[in-house]
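> So here's target.cif, just mmCIF, C-alpha atoms:
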data_upload
loop_
_atom_site.label_atom_id
_atom_site.label_comp_id
_atom_site.auth_asym_id
_atom_site.auth_seq_id
_atom_site.Cartn_x
_atom_site.Cartn_y
_atom_site.Cartn_z
CA MET V 6 -23.12 -23.08 6.84
CA ARG V 7 -26.08 -20.77 7.21
CA GLY V 8 -25.11 -20.26 10.83
CA VAL V 9 -21.56 -19.37 9.78
CA LEU V 10 -22.81 -16.77 7.31
CA LEU V 11 -25.16 -15.24 9.85
CA THR V 12 -22.51 -15.25 12.59
CA LEU V 13 -19.90 -13.63 10.36
CA LEU V 14 -22.29 -10.97 9.22
CA PHE V 15 -23.91 -10.03 12.48
CA ALA V 16 -21.07 -10.57 14.94
CA ALA V 17 -18.11 -9.21 13.01
CA PRO V 18 -18.39 -5.45 13.57
CA ALA V 19 -19.16 -3.66 16.78
CA LEU V 20 -22.44 -4.82 18.23
CA ALA V 21 -23.57 -1.26 18.79
CA GLU V 22 -23.33 -0.43 15.10
CA GLN V 23 -25.26 -1.90 12.23
CA VAL V 24 -23.24 -3.30 9.33
CA ALA V 25 -23.19 -0.81 6.46
CA GLY V 26 -25.33 -2.03 3.59
CA ILE V 27 -27.22 -4.69 5.53
CA ASP V 28 -30.60 -3.24 4.54
CA ASP V 29 -29.64 -2.62 0.90
CA PRO V 30 -31.69 -4.87 -1.43
CA ALA V 31 -28.54 -5.37 -3.53
CA PHE V 32 -27.15 -7.27 -0.54
CA ARG V 33 -30.31 -8.54 1.12
CA GLN V 34 -31.77 -10.35 -1.91
CA PRO V 35 -28.70 -12.45 -2.82
CA PHE V 36 -27.94 -13.10 0.85
CA GLU V 37 -31.44 -14.46 1.42
CA MET V 38 -31.21 -16.38 -1.86
CA ALA V 39 -28.03 -18.03 -0.61
CA LEU V 40 -29.54 -18.90 2.76
CA GLN V 41 -32.98 -20.01 1.65
CA ALA V 42 -32.43 -21.50 -1.78
CA ASP V 43 -28.80 -22.63 -1.64
CA ASP V 44 -28.42 -20.84 -4.97
CA PRO V 45 -24.77 -20.47 -6.05
CA LEU V 46 -25.72 -17.57 -8.34
CA ALA V 47 -26.14 -15.56 -5.15
CA VAL V 48 -22.34 -15.39 -4.92
CA ILE V 49 -22.18 -13.38 -8.13
CA ASP V 50 -24.80 -10.94 -6.85
CA LEU V 51 -23.00 -10.65 -3.49
CA HIS V 52 -19.80 -9.93 -5.40
CA ASN V 53 -21.56 -7.23 -7.41
CA ALA V 54 -22.83 -5.62 -4.20
CA ALA V 55 -19.35 -5.86 -2.64
CA SER V 56 -17.90 -4.19 -5.73
CA THR V 57 -20.12 -1.17 -5.12
CA GLY V 58 -18.78 -0.85 -1.55
CA ASN V 59 -21.45 -2.74 0.38
CA THR V 60 -19.70 -3.81 3.60
CA ALA V 61 -22.30 -6.45 4.44
CA ALA V 62 -21.65 -8.11 1.08
CA LEU V 63 -17.88 -7.93 1.69
CA LEU V 64 -18.39 -9.68 5.02
CA ALA V 65 -20.56 -12.41 3.55
CA LEU V 66 -18.64 -12.98 0.32
CA PRO V 67 -15.73 -15.13 1.63
CA ALA V 68 -18.08 -17.51 3.46
CA ALA V 69 -20.44 -17.67 0.48
CA LEU V 70 -17.52 -18.44 -1.84
CA ASP V 71 -16.43 -21.21 0.49
CA TRP V 72 -19.96 -22.55 0.85
CA PHE V 73 -20.61 -22.67 -2.88
CA SER V 74 -17.06 -23.54 -3.94
CA LYS V 75 -18.10 -26.90 -5.41
CA ASP V 76 -20.95 -25.27 -7.37
CA VAL V 77 -19.02 -22.38 -8.90
CA PRO V 78 -16.47 -23.14 -11.64
CA SER V 79 -12.90 -22.43 -10.53
CA SER V 80 -12.41 -19.85 -13.31
CA VAL V 81 -15.38 -17.88 -11.95
CA ARG V 82 -14.26 -18.34 -8.33
CA ARG V 83 -10.85 -16.89 -9.18
CA GLN V 84 -12.56 -13.76 -10.49
CA LEU V 85 -14.87 -13.46 -7.48
CA VAL V 86 -12.07 -13.40 -4.92
CA PHE V 87 -11.10 -9.96 -6.22
CA VAL V 88 -13.21 -6.88 -5.61
CA ASN V 89 -12.32 -3.85 -7.71
CA GLY V 90 -8.87 -5.24 -8.43
CA VAL V 91 -7.91 -6.18 -4.86
CA SER V 92 -8.51 -9.35 -2.88
CA VAL V 93 -11.82 -9.52 -1.04
CA PHE V 94 -9.84 -9.59 2.23
CA ASP V 95 -7.97 -6.38 1.36
CA ALA V 96 -11.24 -4.73 0.31
CA LEU V 97 -12.82 -5.75 3.61
CA ALA V 98 -9.80 -4.52 5.59
CA LYS V 99 -10.17 -1.13 3.91
CA ALA V 100 -13.97 -0.98 4.38
CA ASP V 101 -14.11 -2.34 7.94
CA PRO V 102 -10.76 -2.96 9.68
CA VAL V 103 -12.44 -4.30 12.82
CA ALA V 104 -14.35 -6.95 10.88
CA ALA V 105 -11.18 -7.88 9.03
CA ALA V 106 -9.24 -8.25 12.28
CA TRP V 107 -11.97 -10.35 13.83
CA GLY V 108 -11.72 -13.21 11.45
CA MET V 109 -11.68 -12.52 7.77
CA MET V 110 -7.90 -12.37 7.42
CA GLY V 111 -6.91 -16.02 7.56
CA GLY V 112 -9.37 -17.18 10.17
CA VAL V 113 -9.17 -17.64 13.90
CA GLY V 114 -7.42 -20.99 13.58
CA THR V 115 -4.22 -19.63 12.07
CA SER V 116 -1.00 -20.94 13.57
CA ASP V 117 0.77 -17.55 13.43
CA MET V 118 0.55 -16.53 17.09
CA ASP V 119 2.06 -13.09 16.50
CA ALA V 120 -0.63 -12.34 13.91
CA LEU V 121 -3.35 -13.51 16.31
CA LEU V 122 -1.98 -11.30 19.07
CA ASP V 123 -1.73 -8.30 16.74
CA ARG V 124 -5.34 -8.82 15.72
CA ALA V 125 -6.41 -9.25 19.37
CA PHE V 126 -4.69 -6.01 20.41
CA PHE V 127 -6.24 -4.18 17.44
CA LEU V 128 -9.68 -5.42 18.53
CA TYR V 129 -9.04 -4.31 22.13
CA ALA V 130 -8.06 -0.86 20.86
CA ALA V 131 -11.23 -0.72 18.76
CA GLY V 132 -13.36 -1.44 21.83
CA GLU V 133 -14.11 -5.04 20.82
CA VAL V 134 -13.07 -6.57 24.15
CA GLU V 135 -14.91 -9.90 23.75
CA LYS V 136 -13.55 -10.49 20.26
CA GLY V 137 -10.04 -9.47 21.31
CA THR V 138 -10.21 -11.85 24.25
CA ALA V 139 -11.44 -14.67 22.01
CA LEU V 140 -8.43 -14.24 19.72
CA PHE V 141 -6.08 -13.80 22.68
CA LEU V 142 -7.29 -17.05 24.23
CA THR V 143 -6.84 -18.83 20.92
#
Show me the file's structure as structure tokens.


Amino acid sequence: MRGVLLTLLFAAPALAEQVAGIDDPAFRQPFEMALQADDPLAVIDLHNAASTGNTAALLALPAALDWFSKDVPSSVRRQLVFVNGVSVFDALAKADPVAAAWGMMGGVGTSDMDALLDRAFFLYAAGEVEKGTALFLT
């Protein structure tokens, strides 16, 4: 799961640009806590960082929620899937549409081929040729 978190975070946006908020301690500390200590409380801190507009935290939050789903009570999980009143996916789409198109909106394995193609074409238009091709080939 650590590999998934790292891949999502570092490969999602354009490779030429650094993810906004990646160096912010409000993101960095809970992210490292999640990776190194397997601490489910890191999800709450990631959520707090995402709520302040930290794009890196928005990118990591869905995977962290999935990773720690068995460790976080369902009532808390239901609250954490919303960031400032909207779903974490909608918040990510607003903060970083390219990252959202790459994989945060239902995953690569979705069976809706039209949605996959739309996302692939969006990625091509955004200059993300490799990611667009990956979705297109899916």

> Written as a PyMOL selection string, which residues does the PyMOL selection byres ((chain V and resi 94) around 12) give for the file shown?

chain V and resi 55+60+62-68+85-93+95-102+104-112

> Using only C-alpha atoms, pick whichever of V:Asp117, V:Asp50, V:Asp71, V:Asp123 has the shortest atom-to-atom distance to Ala31 (chain V).

V:Asp50

> Name every residue that the PyMOL selection byres ((chain V and resi 32) around 9) selects in this structure, writing the answer as number ranges by chain with chains first and numbers rising.

V: 26-31, 33-37, 50-51, 53-55, 59, 61-62

> From the options V:Ser80, V:Thr57, V:Thr138, V:Ser74, which residue's atoms come nearest to Asp44 (chain V), counting all atoms listed in the file?

V:Ser74

> In Å, with one decimal, what is the gap from CA of Gln41 (chain V) to CA of Leu70 (chain V)?

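Rounded to one decimal, the two atoms are 15.9 Å apart.
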
> At what distance in Å, to one decimal, does CA of Gln23 (chain V) lie from CA of Ala39 (chain V)?

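Separation between CA of Ala39 (chain V) and CA of Gln23 (chain V): 20.8 Å.
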
> Of the residues V:Gly58, V:Ile49, V:Ala139, V:Val103, which is the one nearest to Arg83 (chain V), using all atoms listed in the file?

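Nearest to Arg83 (chain V): V:Ile49.
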
> List, as a list in words, every residue that the PyMOL selection byres ((chain V and resi 131) around 12) selects in the file provided.

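Here the PyMOL selection byres ((chain V and resi 131) around 12) matches Pro18, Ala19, Leu20, Asp101, Pro102, Val103, Ala104, Ala106, Trp107, Arg124, Ala125, Phe126, Phe127, Leu128, Tyr129, Ala130, Gly132, Glu133, Val134, Glu135, Lys136 and Gly137 of chain V.
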
> May I ask for the distance between CA of Leu140 (chain V) and CA of Leu121 (chain V), given in Å to one decimal place?

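Between CA of Leu140 (chain V) and CA of Leu121 (chain V) the gap works out to 6.2 Å.
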
> Taking all atoms of region 34-38 of chain V that appear in the file, build a box with edges along x, y and z, extend it by 8 Å on every side, and state its centre and edge lengths in Å to one decimal, as JSON.


{"center_x": -29.9, "center_y": -13.4, "center_z": -0.7, "size_x": 19.8, "size_y": 22.0, "size_z": 20.2}
